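**Q** File name query.txt; file contents compact mmCIF, C-alpha atoms; full text below.
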# COMPACT_ATOMS: atom_id res chain seq x y z
CA MET A 1 -22.73 -5.64 13.32
CA SER A 2 -19.75 -7.69 14.33
CA ARG A 3 -17.73 -9.47 11.69
CA TYR A 4 -15.29 -10.13 14.48
CA LEU A 5 -17.82 -12.11 16.49
CA LEU A 6 -18.95 -14.09 13.44
CA ASN A 7 -15.33 -14.96 12.80
CA LYS A 8 -14.80 -15.84 16.46
CA PHE A 9 -17.69 -18.30 16.30
CA LEU A 10 -16.40 -19.92 13.11
CA TYR A 11 -12.84 -20.06 14.45
CA THR A 12 -13.62 -21.52 17.85
CA VAL A 13 -16.04 -24.13 16.47
CA ASP A 14 -13.73 -25.17 13.62
CA ARG A 15 -10.83 -25.97 15.93
CA ASP A 16 -12.87 -28.25 18.22
CA PRO A 17 -13.91 -31.64 16.75
CA ASP A 18 -16.82 -32.05 19.19
CA LEU A 19 -18.15 -28.58 18.46
CA VAL A 20 -17.96 -29.19 14.71
CA GLU A 21 -20.32 -32.15 15.10
CA ARG A 22 -22.54 -30.35 17.56
CA TYR A 23 -22.93 -27.37 15.23
CA ARG A 24 -23.69 -29.66 12.29
CA ASP A 25 -26.36 -31.56 14.22
CA ASP A 26 -27.92 -28.75 16.27
CA PRO A 27 -27.06 -25.36 14.82
CA ARG A 28 -29.67 -23.37 16.73
CA GLY A 29 -28.84 -24.91 20.07
CA THR A 30 -25.11 -24.56 19.47
CA VAL A 31 -25.34 -20.90 18.48
CA THR A 32 -27.54 -20.08 21.49
CA TRP A 33 -25.19 -21.87 23.87
CA TRP A 34 -22.09 -20.36 22.28
CA GLU A 35 -23.41 -16.80 22.41
CA ALA A 36 -24.33 -17.20 26.08
CA GLU A 37 -21.25 -19.06 27.26
CA ARG A 38 -18.40 -18.43 24.84
CA ALA A 39 -18.87 -15.21 22.89
CA ASN A 40 -17.28 -13.08 25.60
CA GLN A 41 -14.39 -15.37 26.50
CA ILE A 42 -11.06 -13.80 25.61
CA LEU A 43 -9.21 -16.76 24.17
CA ASN A 44 -5.88 -16.22 25.85
CA CYS A 45 -7.22 -15.09 29.23
CA HIS A 46 -8.35 -16.65 32.46
CA ILE A 47 -12.11 -17.25 32.15
CA PRO A 48 -13.31 -14.70 34.78
CA GLU A 49 -11.49 -11.95 32.87
CA ALA A 50 -14.08 -12.03 30.11
CA SER A 51 -15.46 -9.31 27.88
CA THR A 52 -18.93 -7.96 28.56
CA TRP A 53 -20.16 -6.48 25.28
CA LEU A 54 -20.10 -9.06 22.49
CA ARG A 55 -23.39 -10.26 20.99
CA PHE A 56 -24.76 -11.12 17.56
CA ASP A 57 -27.42 -9.05 15.86
CA GLU A 58 -30.52 -10.82 14.58
CA VAL A 59 -29.26 -11.21 11.02
CA GLU A 60 -25.95 -12.70 12.12
CA ARG A 61 -27.59 -15.08 14.58
CA GLU A 62 -30.02 -16.27 11.93
CA ALA A 63 -27.27 -16.79 9.34
CA LEU A 64 -25.37 -19.00 11.76
CA THR A 65 -28.40 -20.92 13.00
CA THR A 66 -29.47 -21.74 9.44
CA HIS A 67 -25.97 -22.73 8.23
CA ASP A 68 -26.41 -19.99 5.62
CA TYR A 69 -22.89 -19.64 4.23
CA VAL A 70 -24.14 -17.42 1.40
CA LYS A 71 -25.43 -14.92 3.97
CA LEU A 72 -22.19 -15.21 5.96
CA PHE A 73 -20.26 -14.27 2.80
CA GLU A 74 -22.58 -11.29 2.30
CA LEU A 75 -22.03 -10.20 5.91
CA GLY A 76 -18.25 -10.22 5.46
CA ALA A 77 -17.39 -13.22 7.60
CA HIS A 78 -13.86 -14.32 6.72
CA PRO A 79 -14.31 -16.61 3.68
CA PHE A 80 -11.49 -18.94 4.72
CA LEU A 81 -13.05 -19.58 8.13
CA THR A 82 -16.50 -20.18 6.67
CA LEU A 83 -15.21 -22.47 3.94
CA THR A 84 -13.03 -24.55 6.24
CA LEU A 85 -15.74 -25.17 8.81
CA PHE A 86 -18.46 -25.88 6.25
CA ILE A 87 -16.22 -28.35 4.40
CA ALA A 88 -15.73 -30.12 7.73
CA MET A 89 -19.48 -30.32 8.27
CA PHE A 90 -20.86 -31.02 4.81
CA GLU A 91 -18.22 -32.39 2.42
CA ARG A 92 -19.15 -35.86 3.68
CA ASP A 93 -22.66 -35.51 2.23
CA HIS A 94 -21.36 -35.15 -1.33
CA PRO A 95 -20.07 -38.38 -2.86
CA GLU A 96 -18.05 -36.90 -5.74
CA PRO A 97 -14.65 -35.23 -5.03
CA LEU A 98 -14.98 -31.47 -4.42
CA GLY A 99 -18.74 -31.77 -4.89
CA PHE A 100 -19.51 -29.60 -1.89
CA GLN A 101 -16.84 -27.02 -2.76
CA LYS A 102 -18.23 -26.64 -6.28
CA GLU A 103 -21.81 -26.32 -5.06
CA TYR A 104 -20.61 -23.69 -2.57
CA ALA A 105 -19.10 -21.70 -5.47
CA ARG A 106 -22.30 -22.01 -7.50
CA ARG A 107 -24.42 -20.72 -4.66
CA LEU A 108 -22.18 -17.64 -4.42
CA ALA A 109 -22.20 -17.05 -8.18
CA HIS A 110 -24.36 -13.94 -7.96
CA PHE A 111 -21.60 -12.04 -6.16
CA SER A 112 -19.30 -9.89 -8.30
CA LEU A 113 -16.37 -7.66 -7.44
CA PRO A 114 -15.95 -5.94 -5.13
CA TYR A 115 -16.90 -8.66 -2.68
CA PRO A 116 -18.27 -7.69 0.75
CA ASP A 117 -15.62 -6.14 2.97
CA ILE A 118 -14.03 -8.60 5.42
CA ALA A 119 -12.00 -6.10 7.46
CA THR A 120 -12.59 -6.33 11.21
CA MET B 1 29.68 -14.77 7.75
CA ALA B 2 26.90 -17.13 6.82
CA THR B 3 26.35 -18.03 3.18
CA LEU B 4 22.99 -17.51 1.50
CA ALA B 5 23.02 -20.89 -0.23
CA ALA B 6 19.64 -20.71 -1.94
CA VAL B 7 16.50 -18.62 -2.18
CA ILE B 8 13.37 -20.61 -2.93
CA ALA B 9 9.83 -19.41 -3.57
CA SER B 10 6.93 -21.75 -4.02
CA THR B 11 3.22 -22.17 -3.78
CA HIS B 12 2.07 -24.29 -0.82
CA HIS B 13 -0.60 -26.65 -1.99
CA PRO B 14 -1.98 -28.54 1.00
CA PHE B 15 -3.29 -31.36 -1.24
CA TYR B 16 0.19 -32.43 -2.39
CA TYR B 17 0.86 -34.72 0.54
CA ARG B 18 -2.34 -36.68 0.08
CA ALA B 19 -2.11 -36.73 -3.73
CA SER B 20 1.49 -37.91 -3.71
CA THR B 21 0.93 -40.70 -1.17
CA ALA B 22 -2.42 -41.96 -2.50
CA GLN B 23 -2.44 -45.35 -4.19
CA GLY B 24 -4.73 -47.19 -6.55
CA GLU B 25 -8.04 -45.61 -7.43
CA ASP B 26 -7.54 -42.92 -4.78
CA ARG B 27 -4.54 -41.56 -6.68
CA PRO B 28 -5.55 -38.54 -8.78
CA PRO B 29 -4.56 -38.55 -12.46
CA PHE B 30 -2.25 -35.55 -12.06
CA ALA B 31 -0.30 -37.05 -9.12
CA ASP B 32 2.56 -38.63 -11.09
CA GLU B 33 3.42 -35.46 -12.99
CA TRP B 34 3.14 -33.44 -9.77
CA VAL B 35 5.53 -35.79 -7.97
CA ARG B 36 8.01 -35.61 -10.86
CA LYS B 37 8.01 -31.82 -10.73
CA ILE B 38 8.35 -31.72 -6.95
CA THR B 39 11.20 -34.24 -7.03
CA ALA B 40 13.09 -32.05 -9.51
CA PHE B 41 12.35 -28.93 -7.43
CA ARG B 42 13.57 -30.70 -4.29
CA GLU B 43 16.92 -31.33 -5.95
CA THR B 44 17.46 -27.56 -6.26
CA LEU B 45 17.51 -27.30 -2.47
CA THR B 46 19.48 -30.49 -1.92
CA ARG B 47 22.31 -29.32 -4.19
CA ALA B 48 22.63 -26.09 -2.16
CA ARG B 49 23.65 -28.20 0.90
CA PRO B 50 21.86 -26.01 3.46
CA ASP B 51 22.46 -26.21 7.21
CA VAL B 52 19.59 -23.96 8.27
CA LEU B 53 16.24 -23.02 6.70
CA VAL B 54 14.53 -19.64 7.15
CA MET B 55 10.89 -20.45 6.38
CA VAL B 56 8.54 -17.63 5.35
CA GLY B 57 4.83 -18.39 5.50
CA SER B 58 1.53 -17.21 6.93
CA ASP B 59 -0.58 -18.61 9.73
CA HIS B 60 -4.10 -19.46 8.52
CA PHE B 61 -5.99 -18.52 11.70
CA HIS B 62 -4.39 -21.31 13.68
CA GLN B 63 -2.37 -19.80 16.51
CA LEU B 64 -2.62 -16.14 15.49
CA TRP B 65 -6.04 -14.63 16.03
CA LEU B 66 -7.86 -11.34 15.63
CA ASP B 67 -7.58 -10.38 19.30
CA ASN B 68 -3.82 -9.99 18.90
CA MET B 69 -2.73 -10.05 15.27
CA PRO B 70 0.90 -9.39 14.35
CA GLN B 71 1.86 -8.19 10.87
CA PHE B 72 5.31 -9.81 10.83
CA LEU B 73 6.36 -12.37 13.42
CA ILE B 74 9.51 -14.44 13.92
CA GLY B 75 9.53 -17.66 15.88
CA LYS B 76 12.25 -18.03 18.48
CA ALA B 77 12.02 -21.45 20.05
CA PRO B 78 14.08 -24.64 20.25
CA PHE B 79 11.30 -26.69 18.66
CA TYR B 80 8.17 -26.15 16.60
CA ASP B 81 5.31 -28.57 16.63
CA ALA B 82 3.49 -28.49 13.37
CA ASN B 83 0.16 -28.92 11.64
CA TRP B 84 -3.26 -28.60 13.18
CA TYR B 85 -6.36 -30.69 13.65
CA ASN B 86 -8.25 -28.98 10.83
CA GLU B 87 -5.30 -29.56 8.45
CA GLU B 88 -5.23 -33.21 9.45
CA ARG B 89 -8.99 -33.34 8.89
CA GLU B 90 -9.14 -31.59 5.52
CA PHE B 91 -5.77 -32.35 3.94
CA GLY B 92 -4.54 -35.46 5.75
CA LEU B 93 -1.36 -33.68 6.83
CA PRO B 94 0.81 -35.47 9.39
CA ARG B 95 1.84 -34.09 12.78
CA MET B 96 5.48 -33.01 12.73
CA VAL B 97 8.15 -31.56 15.04
CA LEU B 98 10.91 -29.36 13.67
CA ARG B 99 14.01 -28.10 15.45
CA GLY B 100 14.55 -24.36 15.76
CA GLN B 101 17.72 -22.35 15.07
CA GLU B 102 17.31 -20.04 18.04
CA ASP B 103 20.49 -18.02 17.64
CA LEU B 104 19.52 -17.02 14.10
CA SER B 105 16.00 -16.18 15.34
CA ALA B 106 17.50 -13.92 18.01
CA TYR B 107 19.78 -12.30 15.45
CA LEU B 108 16.96 -11.61 12.98
CA LEU B 109 14.82 -10.15 15.76
CA ARG B 110 17.46 -7.85 17.23
CA GLU B 111 18.87 -6.68 13.93
CA GLY B 112 15.45 -6.56 12.26
CA LEU B 113 14.10 -4.31 15.03
CA ASP B 114 17.12 -2.06 14.65
CA ALA B 115 16.60 -1.99 10.87
CA GLY B 116 13.12 -0.52 11.30
CA PHE B 117 10.81 -3.55 11.42
CA ASP B 118 8.79 -3.77 14.64
CA LEU B 119 8.78 -7.54 14.57
CA ALA B 120 6.59 -9.59 16.86
CA TYR B 121 8.00 -12.85 18.19
CA SER B 122 6.80 -16.13 19.60
CA ASN B 123 8.57 -18.48 21.99
CA GLU B 124 5.97 -21.21 21.51
CA LEU B 125 4.73 -21.46 17.97
CA ARG B 126 2.87 -24.30 16.36
CA ILE B 127 3.40 -23.86 12.64
CA ASP B 128 0.94 -24.69 9.89
CA HIS B 129 0.91 -25.92 6.30
CA SER B 130 2.34 -22.69 4.88
CA ILE B 131 5.65 -23.89 6.35
CA THR B 132 5.17 -27.66 6.50
CA CYS B 133 4.12 -27.98 2.84
CA PRO B 134 7.53 -26.80 1.62
CA ILE B 135 9.21 -29.02 4.22
CA ILE B 136 7.25 -31.97 2.80
CA THR B 137 8.05 -31.05 -0.80
CA LEU B 138 11.62 -29.78 -0.46
CA ARG B 139 13.06 -31.50 2.61
CA PRO B 140 10.81 -34.40 3.60
CA GLU B 141 13.44 -35.67 6.06
CA ALA B 142 12.57 -32.55 8.11
CA ASP B 143 16.07 -32.79 9.57
CA LEU B 144 17.25 -29.17 9.41
CA PRO B 145 16.67 -26.47 12.02
CA ILE B 146 14.37 -23.66 10.98
CA VAL B 147 13.52 -20.05 11.70
CA PRO B 148 9.82 -19.42 10.97
CA VAL B 149 8.84 -16.00 9.68
CA TYR B 150 5.10 -15.34 9.56
CA THR B 151 3.48 -12.56 7.56
CA ASN B 152 -0.09 -11.32 7.62
CA ILE B 153 -1.57 -11.80 4.14
CA PHE B 154 -4.88 -12.87 5.56
CA ALA B 155 -6.51 -10.57 8.10
CA PRO B 156 -6.90 -6.96 6.94
CA PRO B 157 -5.57 -4.35 7.44
CA LEU B 158 -2.45 -5.78 5.79
CA PRO B 159 0.98 -4.21 5.27
CA GLN B 160 1.61 -2.74 1.82
CA PRO B 161 3.28 -4.91 -0.86
CA LYS B 162 6.43 -2.76 -0.78
CA ARG B 163 6.80 -3.58 2.91
CA PHE B 164 6.98 -7.29 2.10
CA VAL B 165 9.70 -6.54 -0.45
CA GLN B 166 11.61 -4.41 2.05
CA LEU B 167 11.42 -7.15 4.66
CA GLY B 168 12.75 -9.64 2.12
CA LYS B 169 15.70 -7.39 1.35
CA THR B 170 16.39 -6.98 5.05
CA ILE B 171 16.21 -10.72 5.72
CA ARG B 172 18.81 -11.24 3.02
CA GLU B 173 21.14 -8.59 4.48
CA LEU B 174 20.79 -10.08 7.94
CA VAL B 175 21.37 -13.67 6.83
CA GLU B 176 24.48 -12.57 4.98
CA SER B 177 25.78 -10.68 8.03
CA TRP B 178 25.03 -13.47 10.53
CA PRO B 179 28.32 -14.40 12.19
CA GLY B 180 29.31 -17.98 11.54
CA ASP B 181 29.86 -20.26 8.62
CA GLN B 182 26.46 -21.87 8.20
CA ARG B 183 24.77 -22.28 4.87
CA VAL B 184 21.32 -20.76 5.00
CA ALA B 185 18.46 -21.29 2.55
CA VAL B 186 15.53 -18.88 2.67
CA ILE B 187 12.32 -20.57 1.57
CA GLY B 188 9.02 -18.75 1.27
CA THR B 189 5.60 -19.82 0.11
CA GLY B 190 2.61 -17.90 -1.11
CA HIS B 191 -0.02 -18.03 -3.79
CA LEU B 192 -0.61 -16.98 -7.34
CA SER B 193 -4.27 -16.17 -8.09
CA LEU B 194 -6.45 -17.96 -5.59
CA GLU B 195 -10.05 -17.88 -4.42
CA LEU B 196 -11.18 -19.48 -1.15
CA GLY B 197 -14.75 -19.33 0.06
CA GLY B 198 -15.91 -17.30 -2.94
CA PRO B 199 -17.72 -17.88 -6.25
CA ARG B 200 -14.52 -18.50 -8.24
CA GLN B 201 -13.14 -21.24 -5.99
CA PHE B 202 -12.21 -24.74 -7.17
CA GLY B 203 -12.47 -24.07 -10.87
CA PRO B 204 -10.59 -26.09 -13.52
CA HIS B 205 -7.67 -23.61 -13.28
CA GLY B 206 -6.67 -20.81 -10.96
CA PRO B 207 -9.22 -17.99 -10.99
CA ASP B 208 -7.05 -15.68 -13.11
CA PRO B 209 -4.61 -17.43 -15.50
CA GLU B 210 -3.53 -14.11 -16.99
CA PHE B 211 -2.46 -12.82 -13.58
CA ASP B 212 -0.61 -16.10 -13.02
CA ARG B 213 1.26 -15.74 -16.31
CA ARG B 214 2.36 -12.22 -15.48
CA ALA B 215 3.22 -13.12 -11.89
CA VAL B 216 5.46 -15.98 -12.99
CA GLU B 217 7.20 -13.59 -15.39
CA TRP B 218 7.74 -10.99 -12.64
CA ILE B 219 9.20 -13.58 -10.29
CA ALA B 220 11.31 -15.44 -12.84
CA SER B 221 12.88 -12.24 -14.15
CA GLY B 222 13.19 -10.53 -10.77
CA ASP B 223 11.11 -7.64 -12.07
CA LEU B 224 10.41 -6.00 -8.75
CA GLU B 225 9.90 -2.60 -10.31
CA GLY B 226 7.25 -3.85 -12.73
CA CYS B 227 5.58 -5.92 -10.05
CA LEU B 228 5.48 -3.09 -7.51
CA SER B 229 4.17 -0.67 -10.11
CA GLU B 230 1.10 -2.84 -10.72
CA VAL B 231 0.38 -4.70 -7.51
CA THR B 232 -1.51 -2.91 -4.75
CA LEU B 233 -3.60 -4.07 -1.83
CA ASP B 234 -6.67 -3.15 -3.89
CA SER B 235 -5.52 -4.71 -7.16
CA LEU B 236 -4.97 -8.10 -5.53
CA HIS B 237 -8.70 -8.55 -4.97
CA ALA B 238 -9.31 -8.87 -8.71
CA PRO B 239 -7.39 -12.12 -9.40
CA GLY B 240 -9.08 -13.92 -6.48
CA ASN B 241 -10.03 -13.21 -2.89
CA ALA B 242 -7.01 -15.03 -1.40
CA THR B 243 -4.46 -13.60 -3.84
CA HIS B 244 -2.89 -11.37 -1.18
CA GLY B 245 -0.75 -14.43 -0.49
CA PHE B 246 1.16 -13.29 -3.57
CA MET B 247 2.85 -10.76 -1.29
CA ASP B 248 4.90 -13.60 0.19
CA PHE B 249 6.25 -14.19 -3.32
CA MET B 250 7.07 -10.48 -3.42
CA LEU B 251 8.93 -10.85 -0.12
CA MET B 252 10.96 -13.65 -1.70
CA MET B 253 11.68 -11.45 -4.74
CA GLY B 254 13.09 -9.00 -2.20
CA VAL B 255 15.34 -11.73 -0.81
CA ALA B 256 16.48 -12.71 -4.31
CA GLY B 257 17.12 -9.08 -5.28
CA GLU B 258 16.12 -6.57 -7.95
CA GLY B 259 16.67 -8.00 -11.41
CA ALA B 260 17.72 -11.42 -10.11
CA LYS B 261 16.69 -14.00 -12.67
CA ALA B 262 15.64 -17.27 -11.12
CA ASP B 263 18.00 -20.17 -11.84
CA TYR B 264 15.10 -22.63 -11.80
CA VAL B 265 11.50 -22.02 -12.82
CA ASP B 266 8.70 -24.52 -13.13
CA THR B 267 4.91 -24.40 -13.01
CA LEU B 268 2.04 -26.85 -12.98
CA ASP B 269 -1.46 -25.88 -14.02
CA LEU B 270 -3.76 -27.63 -11.57
CA PHE B 271 -7.42 -27.32 -10.81
CA HIS B 272 -8.12 -24.55 -8.29
CA THR B 273 -4.72 -22.85 -8.52
CA MET B 274 -1.46 -22.84 -10.45
CA GLU B 275 1.61 -24.29 -8.80
CA ALA B 276 4.88 -22.37 -9.24
CA TYR B 277 8.42 -23.19 -8.18
CA PHE B 278 11.47 -20.88 -8.25
CA THR B 279 15.05 -21.22 -7.05
CA TRP B 280 17.89 -18.69 -7.04
CA TYR B 281 21.53 -19.36 -6.17
CA PRO B 282 22.89 -15.96 -5.10
CA ASN B 283 26.44 -17.30 -4.94
CA GLY B 284 26.21 -19.80 -7.77
CA ALA B 285 24.88 -23.32 -7.65
CA SER B 286 28.10 -24.85 -6.45
CA ALA B 287 29.28 -22.05 -4.14
Please, can you express the file's structure as structure tokens?

**A**
Amino acid sequence: MSRYLLNKFLYTVDRDPDLVERYRDDPRGTVTWWEAERANQILNCHIPEASTWLRFDEVEREALTTHDYVKLFELGAHPFLTLTLFIAMFERDHPEPLGFQKEYARRLAHFSLPYPDIAT
Amino acid sequence: MATLAAVIASTHHPFYYRASTAQGEDRPPFADEWVRKITAFRETLTRARPDVLVMVGSDHFHQLWLDNMPQFLIGKAPFYDANWYNEEREFGLPRMVLRGQEDLSAYLLREGLDAGFDLAYSNELRIDHSITCPIITLRPEADLPIVPVYTNIFAPPLPQPKRFVQLGKTIRELVESWPGDQRVAVIGTGHLSLELGGPRQFGPHGPDPEFDRRAVEWIASGDLEGCLSEVTLDSLHAPGNATHGFMDFMLMMGVAGEGAKADYVDTLDLFHTMEAYFTWYPNGASA
């Protein structure tokens, strides 16, 4: 299990306007492409100096490909990264102010303290 | 030696800029009161006549990332670009450029290292809303040079609360021993109770009003002993999953000093989180 890699996906997609739209429109294709092409890039390094060992497990891959932010919370993905990216993708579909954010809270309502560990 | 002209601690609400500039039906009902409170808070910095601002905040996974995460970092650069695409997208924040006070950065780094803090540094730092929000609220002209100080309140493992307090005390000692005659204000922003990406987010108030009440009392009265006796890395999960940002308030209590009552205290109960504003004048308001 790699909370780090989940976070790396959320972080690198969130900071790229084109990737935000691509992930919204084609989550399965985007996750497959990202895991093959981007998961092992070290962000501050020349591309050939990549890592060799990073991959999602089945549960993580499925959570990302189904936009399942409840599952991502359960897996310990960093809540700020998940929230920020999902607001960018789905706030537009909710006409009332903070409509998406409030629905997001409701869908997490079954979690109580302590929340899933987010340490990486 | 430099003069510590003011110590200011504040929340950093990224929605203020948009709320305060919105017009007509886009303007939220709480905007006018919020602007009045911010305008009064701004005056507490203006009257201190600062030349330089030391700005304490926390990067929100913008430039600092999990492959290389510093606990405490000081910017040392002649300029700082500011605000990021996702802050523009979500909060409508403007792009900004701030000048840096490099000689004070160098002084804080050298003397801070020698005082026992293994500080990281950055010679090219793009700062985020934890620092630009208080620029927008307290010094919208953005005309003073800054020294950014970033803390990790965000990506565990985090330093202990007492370490934030100790760093605050050290920053004060170093500012007051900095050769020269500049007037320095130290401004830091954090959170009271706050939940982001969890079930208690975006409620009608902050997630834990009772924590907020006690936190405001600790800060306003300078009750570092009481605060440190109750606040731990574990305890901060209870008021909300982003409440570790309160440790930046604890850092600022360290700057202000044990038992230092704030000269100015104000709060605003908003949806989602409580706003809180504090100013101390260590040498008197007119010094």

**Q** What gap, in Å, lies between atom CA of A:Ser112 and atom CA of B:His60?

**A**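 One can read the atom CA of A:Ser112 to atom CA of B:His60 distance as 24.6 Å.
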
**Q** I need the contact residues of chain A against chain B, so if you could list those with any atom within 6 Å, counting only C-alpha atoms, and return them as a ChimeraX atom specification, that would help.

**A** /A:79-80,83,105,108-109,119

**Q** Which value, in Å to one decimal, gives the distance between atom CA of A:Glu74 and atom CA of A:Asn40?

**A**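 Atom CA of A:Glu74 sits 24.0 Å away from atom CA of A:Asn40.
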
**Q** What is the atom CA of B:His205-atom CA of B:Met274 distance in Å, reported with one decimal?

**A** 6.9 Å

**Q** Give me the residues near A:Leu54 as a list of chain:residue names, where near means some atom within 10 Å (using all atoms listed in the file) and where sequence neighbours in that chain fewer than 6 positions away do not count.

**A**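 So, after excluding close chain neighbours, the residues are A:Ser2, A:Tyr4, A:Leu5, A:Glu35, A:Ala36, A:Arg38, A:Ala39, A:Asn40, A:Gln41.
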
**Q** Just the residues within 12 Å of A:Asp25, please, counting all atoms listed in the file, with nothing from its chain fewer than 4 positions along; format it as a PyMOL selection string.

**A** chain A and resi 18-21+29-31+65-67+89-90

**Q** Restricting the calculation to only C-alpha atoms: of B:Leu119, B:Ala31, B:Leu192, B:Ala48, which residue gets closest to B:Asn283?

**A**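 Closest to B:Asn283 of all the choices is B:Ala48.
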
**Q** Please tell me which residues are no farther than 9 Å from (-16.0, -15.9, 30.7) in the file, counting all atoms listed in the file, and write them as JSON, numbers by chain.

**A** {"A": [37, 38, 39, 40, 41, 42, 45, 46, 47, 48, 49, 50, 51, 52]}

**Q** Just the residues within 10 Å of B:Arg18, please, counting all atoms listed in the file, with nothing from its chain fewer than 5 positions along; format it as a compact mmCIF listing (two decimals) with C-alpha atoms, in the frame of the given file.

**A**
# COMPACT_ATOMS: atom_id res chain seq x y z
CA GLN B 23 -2.44 -45.35 -4.19
CA ASP B 26 -7.54 -42.92 -4.78
CA ARG B 27 -4.54 -41.56 -6.68
CA PRO B 28 -5.55 -38.54 -8.78
CA ALA B 31 -0.30 -37.05 -9.12
CA PHE B 91 -5.77 -32.35 3.94
CA GLY B 92 -4.54 -35.46 5.75
CA LEU B 93 -1.36 -33.68 6.83
CA PRO B 94 0.81 -35.47 9.39

**Q** In the coordinate frame of the file, compute which residues have an atom within 12 Å of (-4.8, -14.6, -16.0) when using only C-alpha atoms, and state them as a list in words.

**A**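 Checking each residue against the 12 Å limit leaves Leu192, Ser193, Leu194, His205, Gly206, Pro207, Asp208, Pro209, Glu210, Phe211, Asp212, Arg213, Arg214, Ala215, Val216, Ala238, Pro239, Gly240, Asp269, Thr273 and Met274 of chain B.
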
**Q** Write out as a ChimeraX atom specification which residues come within 10 Å of B:Asp266 when counting all atoms listed in the file, dropping same-chain ones fewer than 6 positions away.

**A** /B:10,37-38,40-41,216,220,275-279

**Q** When you look at stretch 100-108 of chain B with a cut-off of 9 Å (counting all atoms listed in the file), what residues show up, excluding the ones that are within fewer than 2 positions of it in the same chain? I need them as a ChimeraX atom specification.

**A** /B:52-54,74-80,98,110-113,144-148,171,174-175,178

**Q** Smallest atom-to-atom distance to B:His272: which of B:Ala19, B:His13, B:Asn123, B:Pro204, using only C-alpha atoms?

**A** B:Pro204

**Q** Can you rebuild stretch 141-152 of chain B with N, CA and C atoms and give it as a JSON list (two decimals), in the frame of the given file?

**A**
[["chain", "number", "residue", "atom", "x", "y", "z"],
["B", 141, "GLU", "N", 12.80, -35.13, 4.86],
["B", 141, "GLU", "CA", 13.44, -35.67, 6.06],
["B", 141, "GLU", "C", 13.17, -34.78, 7.27],
["B", 142, "ALA", "N", 12.86, -33.52, 7.04],
["B", 142, "ALA", "CA", 12.57, -32.55, 8.11],
["B", 142, "ALA", "C", 13.68, -32.58, 9.17],
["B", 143, "ASP", "N", 14.92, -32.59, 8.69],
["B", 143, "ASP", "CA", 16.07, -32.79, 9.57],
["B", 143, "ASP", "C", 16.86, -31.52, 9.83],
["B", 144, "LEU", "N", 16.47, -30.40, 9.23],
["B", 144, "LEU", "CA", 17.25, -29.17, 9.41],
["B", 144, "LEU", "C", 16.53, -28.21, 10.34],
["B", 145, "PRO", "N", 17.29, -27.47, 11.14],
["B", 145, "PRO", "CA", 16.67, -26.47, 12.02],
["B", 145, "PRO", "C", 16.12, -25.30, 11.20],
["B", 146, "ILE", "N", 15.05, -24.71, 11.72],
["B", 146, "ILE", "CA", 14.37, -23.66, 10.98],
["B", 146, "ILE", "C", 14.23, -22.39, 11.81],
["B", 147, "VAL", "N", 13.99, -21.30, 11.10],
["B", 147, "VAL", "CA", 13.52, -20.05, 11.70],
["B", 147, "VAL", "C", 12.22, -19.69, 10.98],
["B", 148, "PRO", "N", 11.07, -19.79, 11.64],
["B", 148, "PRO", "CA", 9.82, -19.42, 10.97],
["B", 148, "PRO", "C", 9.63, -17.91, 10.96],
["B", 149, "VAL", "N", 9.19, -17.42, 9.82],
["B", 149, "VAL", "CA", 8.84, -16.00, 9.68],
["B", 149, "VAL", "C", 7.40, -15.97, 9.16],
["B", 150, "TYR", "N", 6.51, -15.41, 9.95],
["B", 150, "TYR", "CA", 5.10, -15.34, 9.56],
["B", 150, "TYR", "C", 4.75, -13.92, 9.12],
["B", 151, "THR", "N", 3.97, -13.85, 8.04],
["B", 151, "THR", "CA", 3.48, -12.56, 7.56],
["B", 151, "THR", "C", 1.96, -12.57, 7.58],
["B", 152, "ASN", "N", 1.36, -11.42, 7.67],
["B", 152, "ASN", "CA", -0.09, -11.32, 7.62],
["B", 152, "ASN", "C", -0.54, -11.00, 6.19]]
